[in-house]
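> My structure is in model.csv, and what it holds is CSV, C-alpha atoms:
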chain,number,residue,atom,x,y,z
A,10,MET,CA,0.0,0.0,0.0
A,11,ASP,CA,1.5,3.3,-1.1
A,12,GLN,CA,1.4,6.6,0.9
A,13,ARG,CA,-1.6,7.9,-1.1
A,14,GLN,CA,-3.7,4.8,-0.5
A,15,LEU,CA,-2.9,4.9,3.2
A,16,TYR,CA,-4.0,8.5,3.3
A,17,TYR,CA,-7.3,7.7,1.6
A,18,LEU,CA,-7.9,4.8,3.9
A,19,LEU,CA,-7.5,7.0,7.0
A,20,HIS,CA,-9.2,10.1,5.7
A,21,SER,CA,-11.9,9.0,3.2
A,22,GLY,CA,-14.7,10.6,5.1
A,23,LYS,CA,-17.0,7.6,4.7
A,24,ASN,CA,-18.9,5.8,7.4
A,25,SER,CA,-17.1,3.2,9.3
A,26,ASN,CA,-17.9,-0.4,8.3
A,27,LEU,CA,-16.4,-1.7,11.5
A,28,LYS,CA,-18.8,0.2,13.7
A,29,TYR,CA,-21.7,-0.6,11.3
A,30,TYR,CA,-21.1,-4.4,11.5
A,31,LEU,CA,-20.5,-4.4,15.2
A,32,ARG,CA,-23.9,-2.7,15.8
A,33,SER,CA,-25.5,-5.0,13.3
A,34,TYR,CA,-24.4,-8.3,14.8
A,35,LEU,CA,-25.1,-7.1,18.4
A,36,ARG,CA,-28.6,-6.4,17.2
A,37,GLU,CA,-28.8,-9.8,15.5
A,38,TRP,CA,-27.8,-11.6,18.7
A,39,THR,CA,-30.4,-9.9,20.7
A,40,PRO,CA,-33.6,-12.0,21.1
A,41,ARG,CA,-36.3,-10.7,18.7
A,42,VAL,CA,-39.0,-10.7,21.4
A,43,PHE,CA,-37.4,-7.6,23.0
A,44,PHE,CA,-38.1,-5.7,19.7
A,45,GLN,CA,-41.5,-7.2,19.0
A,46,LEU,CA,-42.8,-6.1,22.4
A,47,GLN,CA,-42.0,-2.5,21.4
A,48,LEU,CA,-43.9,-2.5,18.1
A,49,GLU,CA,-47.4,-1.3,19.3
A,50,HIS,CA,-45.8,1.4,21.5
A,51,LEU,CA,-43.7,2.7,18.6
A,52,LEU,CA,-46.7,2.8,16.2
A,53,THR,CA,-48.7,4.6,18.8
A,54,ARG,CA,-45.9,7.1,19.2
A,55,ALA,CA,-46.0,7.7,15.5
A,56,ASP,CA,-49.8,8.4,15.7
A,57,ARG,CA,-49.3,10.9,18.5
A,58,ARG,CA,-46.5,13.0,16.9
A,59,GLU,CA,-47.2,16.4,15.6
A,60,ASP,CA,-45.7,15.4,12.2
A,61,LYS,CA,-47.9,12.3,11.9
A,62,ASP,CA,-49.2,13.4,8.5
A,63,TYR,CA,-45.7,13.8,7.2
A,64,ILE,CA,-44.8,10.3,8.5
A,65,TYR,CA,-47.7,8.7,6.7
A,66,ARG,CA,-47.1,10.7,3.5
A,67,ARG,CA,-43.5,9.4,3.4
A,68,ALA,CA,-44.6,5.9,4.2
A,69,ALA,CA,-47.2,6.0,1.4
A,70,TYR,CA,-44.5,7.2,-1.0
A,71,TYR,CA,-42.3,4.2,-0.3
A,72,CYS,CA,-45.1,1.7,-0.2
A,73,LYS,CA,-47.7,2.4,-2.9
A,74,LEU,CA,-49.6,-0.8,-2.4
A,75,THR,CA,-53.4,-0.2,-2.0
A,76,ALA,CA,-56.4,-2.4,-1.9
A,77,ASP,CA,-56.7,-2.0,-5.7
A,78,SER,CA,-53.1,-3.1,-6.4
A,79,PRO,CA,-53.0,-6.3,-8.6
A,80,PHE,CA,-51.7,-9.1,-6.5
A,81,ASP,CA,-51.3,-12.8,-7.2
A,82,GLN,CA,-51.4,-14.0,-3.6
A,83,SER,CA,-50.9,-17.7,-4.4
A,84,GLN,CA,-47.8,-17.0,-6.4
A,85,TRP,CA,-46.5,-14.6,-3.7
A,86,ALA,CA,-47.1,-17.2,-1.0
A,87,LYS,CA,-44.9,-19.7,-2.9
A,88,GLU,CA,-42.0,-17.3,-3.3
A,89,ALA,CA,-42.1,-15.4,0.0
A,90,VAL,CA,-40.2,-16.5,3.0
A,91,MET,CA,-40.9,-16.1,6.7
A,92,LEU,CA,-38.8,-13.5,8.5
A,93,LYS,CA,-37.4,-16.2,10.8
A,94,ASP,CA,-36.2,-18.1,7.7
A,95,GLN,CA,-34.7,-15.2,5.9
A,96,PRO,CA,-31.2,-16.2,4.8
A,97,MET,CA,-28.2,-13.8,4.9
A,98,THR,CA,-28.0,-12.0,1.6
A,99,GLY,CA,-24.8,-12.0,-0.5
A,100,GLN,CA,-24.2,-8.4,0.4
A,101,SER,CA,-24.9,-8.7,4.1
A,102,SER,CA,-25.7,-5.0,4.6
A,103,TYR,CA,-29.1,-5.6,2.9
A,104,TYR,CA,-30.0,-8.3,5.3
A,105,HIS,CA,-28.9,-6.3,8.4
A,106,ASP,CA,-30.7,-3.1,7.3
A,107,ALA,CA,-33.9,-4.9,6.4
A,108,MET,CA,-33.9,-7.0,9.6
A,109,GLU,CA,-33.3,-3.9,11.7
A,110,ILE,CA,-36.9,-3.0,11.0
A,111,ALA,CA,-38.4,-6.4,10.3
A,112,ARG,CA,-37.4,-7.8,13.7
A,113,TYR,CA,-40.1,-5.7,15.4
A,114,PHE,CA,-42.7,-7.9,13.6
A,115,ASN,CA,-43.9,-11.4,14.2
A,116,SER,CA,-41.2,-13.8,12.8
A,117,ARG,CA,-43.9,-15.8,10.9
A,118,LYS,CA,-44.7,-12.8,8.7
A,119,LYS,CA,-43.6,-13.4,5.1
A,120,TRP,CA,-41.9,-11.2,2.6
A,121,ILE,CA,-39.8,-11.1,-0.5
A,122,LEU,CA,-36.5,-9.3,0.1
A,123,VAL,CA,-34.6,-8.3,-3.1
A,124,PRO,CA,-31.0,-7.3,-2.3
A,125,GLY,CA,-28.7,-5.4,-4.5
A,126,ASP,CA,-29.2,-2.5,-7.0
A,127,THR,CA,-32.8,-3.0,-8.2
A,128,ILE,CA,-33.6,-1.1,-11.4
A,129,HIS,CA,-36.5,-3.3,-12.5
A,130,VAL,CA,-40.0,-3.8,-11.2
A,131,PRO,CA,-40.4,-7.2,-9.5
A,132,ALA,CA,-43.4,-9.4,-10.6
A,133,LEU,CA,-44.5,-9.5,-6.9
A,134,PRO,CA,-44.5,-7.0,-4.1
A,135,SER,CA,-40.9,-7.0,-2.7
A,136,ILE,CA,-38.7,-5.1,-0.3
A,137,VAL,CA,-36.0,-3.3,-2.2
A,138,LYS,CA,-33.4,-0.6,-1.9
A,139,SER,CA,-34.1,1.1,-5.2
A,140,ARG,CA,-36.7,1.4,-8.0
A,141,PRO,CA,-36.9,2.9,-11.4
A,142,LEU,CA,-38.7,6.2,-11.7
A,143,THR,CA,-41.6,4.8,-13.7
A,144,ALA,CA,-45.3,5.1,-13.3
A,145,ASN,CA,-45.8,1.4,-12.6
A,146,ASN,CA,-43.3,0.7,-9.8
A,147,THR,CA,-45.8,-0.3,-7.1
A,148,ASN,CA,-44.2,-3.7,-6.4
A,149,ASN,CA,-41.0,-1.9,-5.4
A,150,VAL,CA,-41.5,-1.2,-1.7
A,151,VAL,CA,-38.5,0.8,-0.6
A,152,LEU,CA,-36.7,0.6,2.7
A,153,LYS,CA,-33.4,2.3,3.7
A,154,LEU,CA,-31.0,-0.5,2.7
A,155,ASP,CA,-27.2,-0.4,2.3
A,156,LYS,CA,-27.5,2.7,4.3
A,157,ASN,CA,-23.9,2.7,5.7
A,158,ARG,CA,-22.7,3.3,2.1
A,159,HIS,CA,-25.5,5.5,0.8
A,160,PHE,CA,-26.7,7.6,3.8
A,161,LEU,CA,-23.8,9.9,4.5
A,162,PHE,CA,-24.0,13.6,5.2
A,163,VAL,CA,-21.1,16.0,5.7
A,164,HIS,CA,-20.4,19.3,7.5
A,165,ASP,CA,-18.8,21.6,5.0
A,166,ASN,CA,-17.4,24.9,6.3
A,167,LYS,CA,-16.0,26.2,3.1
A,168,PRO,CA,-18.3,28.8,1.3
A,169,TRP,CA,-19.2,28.0,-2.3
A,170,ARG,CA,-17.6,31.2,-3.6
A,171,GLU,CA,-14.2,30.2,-2.2
A,172,LYS,CA,-14.1,26.9,-4.1
A,173,ARG,CA,-12.6,26.1,-7.4
A,174,ASP,CA,-14.5,26.9,-10.6
A,175,VAL,CA,-14.3,23.3,-11.6
A,176,ALA,CA,-16.5,20.2,-11.6
A,177,ILE,CA,-14.9,17.1,-10.1
A,178,PHE,CA,-15.7,13.5,-11.0
A,179,ARG,CA,-14.2,10.3,-9.4
A,180,GLY,CA,-16.0,7.1,-10.0
A,181,ASP,CA,-15.8,3.6,-11.4
A,182,LEU,CA,-16.7,2.7,-15.0
A,183,GLY,CA,-18.4,-0.5,-16.0
A,184,TYR,CA,-20.7,-2.4,-18.3
A,185,TYR,CA,-23.8,-1.1,-16.5
A,186,LYS,CA,-22.6,2.5,-16.5
A,187,PRO,CA,-22.6,3.7,-20.1
A,188,ASN,CA,-23.5,7.2,-19.0
A,189,ARG,CA,-20.2,7.6,-17.3
A,190,ASP,CA,-18.4,6.5,-20.5
A,191,VAL,CA,-20.3,9.2,-22.4
A,192,PHE,CA,-19.2,11.8,-19.8
A,193,MET,CA,-15.6,10.7,-19.8
A,194,ASN,CA,-15.3,10.6,-23.6
A,195,ARG,CA,-16.6,14.1,-23.9
A,196,TRP,CA,-15.0,15.9,-21.0
A,197,VAL,CA,-11.7,14.3,-19.9
A,198,GLY,CA,-8.9,16.9,-20.1
A,199,HIS,CA,-11.2,20.0,-20.2
A,200,CYS,CA,-10.0,22.9,-18.1
A,201,MET,CA,-13.3,23.1,-16.2
A,202,ILE,CA,-13.6,19.4,-15.5
A,203,ASP,CA,-11.3,17.3,-13.3
A,204,ALA,CA,-12.4,13.7,-14.2
A,205,ALA,CA,-10.8,10.3,-13.6
A,206,SER,CA,-12.0,6.8,-13.2
A,207,THR,CA,-11.2,4.9,-10.0
A,208,ASN,CA,-10.9,1.6,-11.7
A,209,ARG,CA,-8.9,0.5,-14.7
A,210,SER,CA,-10.4,1.0,-18.2
A,211,ASP,CA,-8.8,-1.4,-20.7
A,212,GLU,CA,-9.8,0.9,-23.6
A,213,HIS,CA,-8.7,4.1,-21.8
A,214,PRO,CA,-6.0,3.4,-19.2
A,215,GLU,CA,-5.1,7.1,-19.3
A,216,TRP,CA,-8.5,7.8,-17.6
A,217,GLN,CA,-7.5,6.0,-14.4
A,218,GLY,CA,-6.7,8.2,-11.3
A,219,GLY,CA,-6.5,7.8,-7.6
A,220,LYS,CA,-9.5,8.1,-5.3
A,221,LEU,CA,-10.1,11.4,-3.6
A,222,THR,CA,-11.4,11.8,-0.1
A,223,ILE,CA,-14.8,13.5,0.5
A,224,GLY,CA,-12.9,16.4,2.0
A,225,GLU,CA,-10.8,16.8,-1.2
A,226,HIS,CA,-14.0,16.8,-3.3
A,227,LEU,CA,-15.3,19.8,-1.2
A,228,ASP,CA,-12.7,22.1,-2.7
A,229,TYR,CA,-14.7,22.2,-5.9
A,230,LYS,CA,-17.9,24.2,-6.6
A,231,PHE,CA,-19.4,21.4,-8.6
A,232,ILE,CA,-19.4,17.6,-8.0
A,233,MET,CA,-20.6,15.2,-10.7
A,234,SER,CA,-23.2,12.8,-9.3
A,235,LEU,CA,-23.7,10.2,-12.0
A,236,GLU,CA,-26.0,7.2,-11.6
A,237,GLY,CA,-24.2,3.9,-11.7
A,238,ASN,CA,-25.8,0.5,-11.2
A,239,ASP,CA,-28.8,2.3,-9.7
A,240,VAL,CA,-28.5,5.7,-8.1
A,241,ALA,CA,-25.4,7.9,-7.5
A,242,SER,CA,-24.1,7.0,-4.0
A,243,ASN,CA,-22.6,10.4,-3.6
A,244,LEU,CA,-25.7,12.5,-4.2
A,245,LYS,CA,-26.7,12.6,-0.5
A,246,TRP,CA,-23.5,13.9,0.9
A,247,VAL,CA,-23.0,16.3,-2.0
A,248,MET,CA,-26.4,17.8,-1.3
A,249,SER,CA,-25.4,18.3,2.4
A,250,SER,CA,-22.3,20.1,1.4
A,251,ASN,CA,-21.6,23.6,0.1
A,252,SER,CA,-20.9,22.3,-3.4
A,253,ILE,CA,-23.6,21.6,-6.0
A,254,ALA,CA,-24.5,18.2,-7.5
A,255,VAL,CA,-24.5,18.1,-11.3
A,256,THR,CA,-26.3,15.3,-13.1
A,257,PRO,CA,-28.6,14.4,-16.0
A,258,ARG,CA,-32.3,13.8,-15.2
A,259,LEU,CA,-32.5,11.1,-12.5
A,260,ARG,CA,-34.0,7.7,-13.5
A,261,ARG,CA,-34.0,5.8,-10.2
A,262,GLU,CA,-34.6,6.4,-6.5
A,263,THR,CA,-34.1,5.1,-3.0
A,264,TRP,CA,-35.2,6.1,0.5
A,265,PHE,CA,-33.8,9.5,-0.4
A,266,MET,CA,-36.8,10.0,-2.6
A,267,GLU,CA,-34.7,11.2,-5.6
A,268,GLY,CA,-38.0,11.3,-7.6
A,269,THR,CA,-39.1,14.4,-5.6
A,270,LEU,CA,-35.9,16.4,-6.3
A,271,LYS,CA,-36.4,19.4,-8.6
A,272,PRO,CA,-33.9,20.1,-11.4
A,273,ASN,CA,-32.0,23.4,-11.0
A,274,TYR,CA,-33.6,23.8,-7.6
A,275,HIS,CA,-31.9,21.0,-5.6
A,276,TYR,CA,-29.2,20.2,-8.2
A,277,ILE,CA,-28.0,21.3,-11.6
A,278,GLU,CA,-29.4,19.3,-14.4
A,279,VAL,CA,-27.5,18.7,-17.7
A,280,SER,CA,-28.5,16.9,-20.8
A,281,ASP,CA,-28.0,13.1,-21.1
A,282,ASP,CA,-25.1,13.6,-23.5
A,283,PHE,CA,-23.5,16.2,-21.3
A,284,SER,CA,-23.2,18.6,-24.3
A,285,ASP,CA,-24.4,21.6,-22.3
A,286,LEU,CA,-22.2,20.9,-19.2
A,287,GLU,CA,-19.7,23.8,-19.8
A,288,GLU,CA,-22.6,26.2,-20.5
A,289,ARG,CA,-24.4,25.2,-17.3
A,290,LEU,CA,-21.3,25.5,-15.1
A,291,THR,CA,-20.4,28.9,-16.5
A,292,TYR,CA,-23.9,30.2,-15.9
A,293,TYR,CA,-23.8,29.4,-12.2
A,294,ILE,CA,-20.3,30.7,-11.8
A,295,GLU,CA,-21.5,34.0,-13.3
A,296,HIS,CA,-24.7,33.9,-11.1
A,297,PRO,CA,-23.4,33.0,-7.6
A,298,GLU,CA,-26.7,34.0,-5.9
A,299,GLU,CA,-28.6,31.4,-7.9
A,300,ALA,CA,-25.9,28.8,-7.1
A,301,GLU,CA,-26.1,29.5,-3.4
A,302,ALA,CA,-29.9,29.2,-3.5
A,303,ILE,CA,-29.6,25.7,-4.9
A,304,ILE,CA,-27.2,24.8,-2.0
A,305,GLN,CA,-29.7,26.1,0.5
A,306,HIS,CA,-32.6,24.2,-1.1
A,307,ALA,CA,-30.5,21.1,-1.0
A,308,HIS,CA,-29.7,21.6,2.6
A,309,ASP,CA,-33.4,22.0,3.4
A,310,TYR,CA,-34.2,18.8,1.6
A,311,VAL,CA,-31.5,16.8,3.4
A,312,ALA,CA,-32.7,18.1,6.8
A,313,GLN,CA,-35.8,15.9,6.6
A,314,PHE,CA,-33.7,12.7,6.9
A,315,LEU,CA,-31.8,13.8,10.0
A,316,ASP,CA,-34.4,12.9,12.6
A,317,LYS,CA,-33.4,9.3,13.5
A,318,GLU,CA,-36.4,8.5,15.5
A,319,ARG,CA,-38.8,9.7,12.8
A,320,GLU,CA,-36.9,7.8,10.1
A,321,LYS,CA,-37.3,4.6,12.2
A,322,LEU,CA,-41.0,5.2,12.7
A,323,ILE,CA,-41.5,5.8,9.0
A,324,ALA,CA,-39.8,2.5,8.2
A,325,LEU,CA,-42.0,0.7,10.7
A,326,VAL,CA,-45.1,2.1,9.1
A,327,VAL,CA,-43.9,1.1,5.6
A,328,LEU,CA,-43.3,-2.5,6.6
A,329,LYS,CA,-46.6,-2.7,8.5
A,330,LYS,CA,-48.4,-1.5,5.4
A,331,TYR,CA,-46.5,-4.1,3.3
A,332,PHE,CA,-47.4,-6.9,5.8
A,333,ASP,CA,-51.0,-5.8,6.0
A,334,PHE,CA,-51.3,-6.0,2.3
A,335,THR,CA,-49.4,-9.2,1.6
A,336,ASN,CA,-50.0,-11.4,4.7
A,337,GLN,CA,-53.7,-11.7,4.3
Using structure tokens, write down the structure that the file contains.

Amino acid sequence: MDQRQLYYLLHSGKNSNLKYYLRSYLREWTPRVFFQLQLEHLLTRADRREDKDYIYRRAAYYCKLTADSPFDQSQWAKEAVMLKDQPMTGQSSYYHDAMEIARYFNSRKKWILVPGDTIHVPALPSIVKSRPLTANNTNNVVLKLDKNRHFLFVHDNKPWREKRDVAIFRGDLGYYKPNRDVFMNRWVGHCMIDAASTNRSDEHPEWQGGKLTIGEHLDYKFIMSLEGNDVASNLKWVMSSNSIAVTPRLRRETWFMEGTLKPNYHYIEVSDDFSDLEERLTYYIEHPEEAEAIIQHAHDYVAQFLDKEREKLIALVVLKKYFDFTNQ
């Protein structure tokens, strides 16, 4: 490991996996009855909060199932598994995050848990991390999964006007990320774009560059937030910073409700082929008040996810709604 890799390891700014898995396994080893005895109390607490309507609106956004939703119950019963029989998923964070909420419910309840980056609509109602932003995505019932990687917010003390007039991109390229290839082909080497891939590209080895810490990203006015296998994992922390996220129109969403974000209000939107990127960056450099308004709108949006108790109550309501619909 060279000096740069060691520096990144120690200063990446990302959430600690060690702390995450220690908490997860301590919770896993705690008898579920201790959680199940709390369920009714927690749901009652949700009903008594002043922001009850907000809690139920959020829950309805994540779980769109209604009495009119088409549902092949016999097929679902064949494929669903009881919570007590849910196996560990290949990426264990999906299991731990899903079971953090599910353990409050009777272990004989059944569900379908789909781990990984979900960009399709399952044939049956399923618990997922992500879903496509399409009209017919009702079967994607969203929980906050893989949250240690995706749900990260930062404290950025550097004002936007003191940052570099450049857009930064560091990310991996791959078969399922053609949009990133389009971006790199068009903008690598441009004076307003600092772009490099964090993995090797056989076709373009010259694109490869070292990873930057989150703190190093925050020296730039603009941070490219490009969807990968599903959503862009950096969008949440970028929107909590004093830099601005730049991306084409979003096509997928998670617990962050990316589908409710407004272009050029919460982030800067560019065309799918990135042809207008320089023009859009130049506009906001020349109109700093508008840029700072976007940053404030982004901060206001992020703030709704910072109440940990409320986030937990929303997740419980989502899963109760899912179980009420499926476990008939």
> Restrict the calculation to only C-alpha atoms, then for each residue of region 141-256 of chain A with any atom at most 9 Å from an atom of region 114-130 of chain A give the closest atom pair and their distance in Å to one decimal, rows by chain and rising residue number, as CSV.

residue,atom,partner,partner_atom,distance
A:Pro141,CA,A:Ile128,CA,5.2
A:Leu142,CA,A:Ile128,CA,8.9
A:Asn145,CA,A:Val130,CA,7.9
A:Asn146,CA,A:Val130,CA,5.8
A:Thr147,CA,A:Val130,CA,7.9
A:Asn148,CA,A:Val130,CA,6.4
A:Asn149,CA,A:Val130,CA,6.2
A:Leu154,CA,A:Pro124,CA,8.4
A:Asp155,CA,A:Gly125,CA,8.6
A:Asn238,CA,A:Asp126,CA,6.2
A:Asp239,CA,A:Asp126,CA,5.5
A:Val240,CA,A:Asp126,CA,8.3
> Which residues are close to Ile110 (chain A), i.e. within 8 Å by only C-alpha atoms, leaving aside same-chain residues fewer than 4 positions away? Reply as a ChimeraX atom specification.
/A:106,321,324-325,328
> Work out how far apart CA of Lys156 (chain A) and CA of Lys329 (chain A) are and give it in Å to one decimal.
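The value is 20.3 Å.
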> May I ask for the distance between CA of His226 (chain A) and CA of Lys28 (chain A), given in Å to one decimal place?
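Computing the Euclidean distance for CA of His226 (chain A) and CA of Lys28 (chain A) yields 24.2 Å.
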> Go ahead and compute the interatomic distance for CA of Lys230 (chain A) and CA of Leu244 (chain A), in Å to one decimal.
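Rounded to one decimal, the two atoms are 14.3 Å apart.
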> Tell me which of A:Gly183, A:Gly99, A:Pro134, A:Gly224 sits closest to Ser206 (chain A), counting only C-alpha atoms.
A:Gly183
> Give the answer as one residue: which of A:Lys317, A:Lys245, A:Arg170, A:Arg189 has the shortest atom-to-atom distance to Glu299 (chain A), using only C-alpha atoms?
A:Arg170
> Looking at A:Pro297, A:Leu259, A:Asn188, A:Ser101, which one is nearest to Asp174 (chain A), with distances taken over all atoms listed in the file?
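Looking only at the distances to Asp174 (chain A), the closest residue turns out to be A:Pro297.
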> Taking all atoms listed in the file into account, name the residue in A:Arg54, A:His213, A:His275, A:His159 that is nearest to Ser139 (chain A).
A:His159
> Kindly complete region 271-302 of chain A to N, CA and C atoms; the output should be written as a PDB file, keeping the file's coordinate frame.

ATOM      1  N   LYS A 271     -36.045  18.503  -7.501  1.00  0.00           N
ATOM      2  CA  LYS A 271     -36.400  19.400  -8.600  1.00  0.00           C
ATOM      3  C   LYS A 271     -35.094  19.851  -9.318  1.00  0.00           C
ATOM      4  N   PRO A 272     -35.033  19.653 -10.640  1.00  0.00           N
ATOM      5  CA  PRO A 272     -33.900  20.100 -11.400  1.00  0.00           C
ATOM      6  C   PRO A 272     -33.641  21.599 -11.267  1.00  0.00           C
ATOM      7  N   ASN A 273     -32.386  22.013 -11.134  1.00  0.00           N
ATOM      8  CA  ASN A 273     -32.000  23.400 -11.000  1.00  0.00           C
ATOM      9  C   ASN A 273     -32.613  24.131  -9.840  1.00  0.00           C
ATOM     10  N   TYR A 274     -33.069  23.333  -8.890  1.00  0.00           N
ATOM     11  CA  TYR A 274     -33.600  23.800  -7.600  1.00  0.00           C
ATOM     12  C   TYR A 274     -32.826  23.127  -6.477  1.00  0.00           C
ATOM     13  N   HIS A 275     -32.687  21.801  -6.599  1.00  0.00           N
ATOM     14  CA  HIS A 275     -31.900  21.000  -5.600  1.00  0.00           C
ATOM     15  C   HIS A 275     -30.548  20.621  -6.195  1.00  0.00           C
ATOM     16  N   TYR A 276     -30.419  20.580  -7.499  1.00  0.00           N
ATOM     17  CA  TYR A 276     -29.200  20.200  -8.200  1.00  0.00           C
ATOM     18  C   TYR A 276     -29.191  20.835  -9.551  1.00  0.00           C
ATOM     19  N   ILE A 277     -28.057  20.815 -10.231  1.00  0.00           N
ATOM     20  CA  ILE A 277     -28.000  21.300 -11.600  1.00  0.00           C
ATOM     21  C   ILE A 277     -28.176  20.183 -12.570  1.00  0.00           C
ATOM     22  N   GLU A 278     -29.138  20.342 -13.459  1.00  0.00           N
ATOM     23  CA  GLU A 278     -29.400  19.300 -14.400  1.00  0.00           C
ATOM     24  C   GLU A 278     -28.735  19.626 -15.765  1.00  0.00           C
ATOM     25  N   VAL A 279     -28.114  18.596 -16.361  1.00  0.00           N
ATOM     26  CA  VAL A 279     -27.500  18.700 -17.700  1.00  0.00           C
ATOM     27  C   VAL A 279     -28.130  17.680 -18.595  1.00  0.00           C
ATOM     28  N   SER A 280     -27.887  17.800 -19.880  1.00  0.00           N
ATOM     29  CA  SER A 280     -28.500  16.900 -20.800  1.00  0.00           C
ATOM     30  C   SER A 280     -27.807  15.497 -20.714  1.00  0.00           C
ATOM     31  N   ASP A 281     -28.484  14.484 -21.233  1.00  0.00           N
ATOM     32  CA  ASP A 281     -28.000  13.100 -21.100  1.00  0.00           C
ATOM     33  C   ASP A 281     -26.642  12.920 -21.810  1.00  0.00           C
ATOM     34  N   ASP A 282     -26.362  13.705 -22.846  1.00  0.00           N
ATOM     35  CA  ASP A 282     -25.100  13.600 -23.500  1.00  0.00           C
ATOM     36  C   ASP A 282     -24.027  14.544 -23.004  1.00  0.00           C
ATOM     37  N   PHE A 283     -24.385  15.305 -21.990  1.00  0.00           N
ATOM     38  CA  PHE A 283     -23.500  16.200 -21.300  1.00  0.00           C
ATOM     39  C   PHE A 283     -23.003  17.370 -22.221  1.00  0.00           C
ATOM     40  N   SER A 284     -23.671  17.586 -23.341  1.00  0.00           N
ATOM     41  CA  SER A 284     -23.200  18.600 -24.300  1.00  0.00           C
ATOM     42  C   SER A 284     -23.298  20.009 -23.747  1.00  0.00           C
ATOM     43  N   ASP A 285     -24.190  20.248 -22.794  1.00  0.00           N
ATOM     44  CA  ASP A 285     -24.400  21.600 -22.300  1.00  0.00           C
ATOM     45  C   ASP A 285     -23.662  21.791 -20.917  1.00  0.00           C
ATOM     46  N   LEU A 286     -22.779  20.885 -20.537  1.00  0.00           N
ATOM     47  CA  LEU A 286     -22.200  20.900 -19.200  1.00  0.00           C
ATOM     48  C   LEU A 286     -21.386  22.234 -18.992  1.00  0.00           C
ATOM     49  N   GLU A 287     -20.505  22.579 -19.917  1.00  0.00           N
ATOM     50  CA  GLU A 287     -19.700  23.800 -19.800  1.00  0.00           C
ATOM     51  C   GLU A 287     -20.613  25.026 -19.646  1.00  0.00           C
ATOM     52  N   GLU A 288     -21.634  25.072 -20.478  1.00  0.00           N
ATOM     53  CA  GLU A 288     -22.600  26.200 -20.500  1.00  0.00           C
ATOM     54  C   GLU A 288     -23.267  26.320 -19.106  1.00  0.00           C
ATOM     55  N   ARG A 289     -23.703  25.191 -18.537  1.00  0.00           N
ATOM     56  CA  ARG A 289     -24.400  25.200 -17.300  1.00  0.00           C
ATOM     57  C   ARG A 289     -23.493  25.619 -16.113  1.00  0.00           C
ATOM     58  N   LEU A 290     -22.258  25.119 -16.118  1.00  0.00           N
ATOM     59  CA  LEU A 290     -21.300  25.500 -15.100  1.00  0.00           C
ATOM     60  C   LEU A 290     -20.990  26.988 -15.147  1.00  0.00           C
ATOM     61  N   THR A 291     -20.756  27.463 -16.353  1.00  0.00           N
ATOM     62  CA  THR A 291     -20.400  28.900 -16.500  1.00  0.00           C
ATOM     63  C   THR A 291     -21.553  29.773 -16.059  1.00  0.00           C
ATOM     64  N   TYR A 292     -22.783  29.370 -16.346  1.00  0.00           N
ATOM     65  CA  TYR A 292     -23.900  30.200 -15.900  1.00  0.00           C
ATOM     66  C   TYR A 292     -23.936  30.370 -14.411  1.00  0.00           C
ATOM     67  N   TYR A 293     -23.744  29.296 -13.655  1.00  0.00           N
ATOM     68  CA  TYR A 293     -23.800  29.400 -12.200  1.00  0.00           C
ATOM     69  C   TYR A 293     -22.585  30.100 -11.610  1.00  0.00           C
ATOM     70  N   ILE A 294     -21.437  29.959 -12.263  1.00  0.00           N
ATOM     71  CA  ILE A 294     -20.300  30.700 -11.800  1.00  0.00           C
ATOM     72  C   ILE A 294     -20.529  32.208 -11.956  1.00  0.00           C
ATOM     73  N   GLU A 295     -21.235  32.584 -13.018  1.00  0.00           N
ATOM     74  CA  GLU A 295     -21.500  34.000 -13.300  1.00  0.00           C
ATOM     75  C   GLU A 295     -22.770  34.473 -12.490  1.00  0.00           C
ATOM     76  N   HIS A 296     -23.521  33.561 -11.901  1.00  0.00           N
ATOM     77  CA  HIS A 296     -24.700  33.900 -11.100  1.00  0.00           C
ATOM     78  C   HIS A 296     -24.616  33.201  -9.751  1.00  0.00           C
ATOM     79  N   PRO A 297     -23.690  33.658  -8.908  1.00  0.00           N
ATOM     80  CA  PRO A 297     -23.400  33.000  -7.600  1.00  0.00           C
ATOM     81  C   PRO A 297     -24.647  32.959  -6.688  1.00  0.00           C
ATOM     82  N   GLU A 298     -25.489  33.978  -6.763  1.00  0.00           N
ATOM     83  CA  GLU A 298     -26.700  34.000  -5.900  1.00  0.00           C
ATOM     84  C   GLU A 298     -27.587  32.811  -6.202  1.00  0.00           C
ATOM     85  N   GLU A 299     -27.746  32.495  -7.485  1.00  0.00           N
ATOM     86  CA  GLU A 299     -28.600  31.400  -7.900  1.00  0.00           C
ATOM     87  C   GLU A 299     -27.947  30.040  -7.429  1.00  0.00           C
ATOM     88  N   ALA A 300     -26.634  29.970  -7.526  1.00  0.00           N
ATOM     89  CA  ALA A 300     -25.900  28.800  -7.100  1.00  0.00           C
ATOM     90  C   ALA A 300     -26.121  28.565  -5.582  1.00  0.00           C
ATOM     91  N   GLU A 301     -25.988  29.621  -4.814  1.00  0.00           N
ATOM     92  CA  GLU A 301     -26.100  29.500  -3.400  1.00  0.00           C
ATOM     93  C   GLU A 301     -27.569  29.192  -2.973  1.00  0.00           C
ATOM     94  N   ALA A 302     -28.532  29.611  -3.789  1.00  0.00           N
ATOM     95  CA  ALA A 302     -29.900  29.200  -3.500  1.00  0.00           C
ATOM     96  C   ALA A 302     -30.124  27.731  -3.700  1.00  0.00           C
TER      97      ALA A 302
END
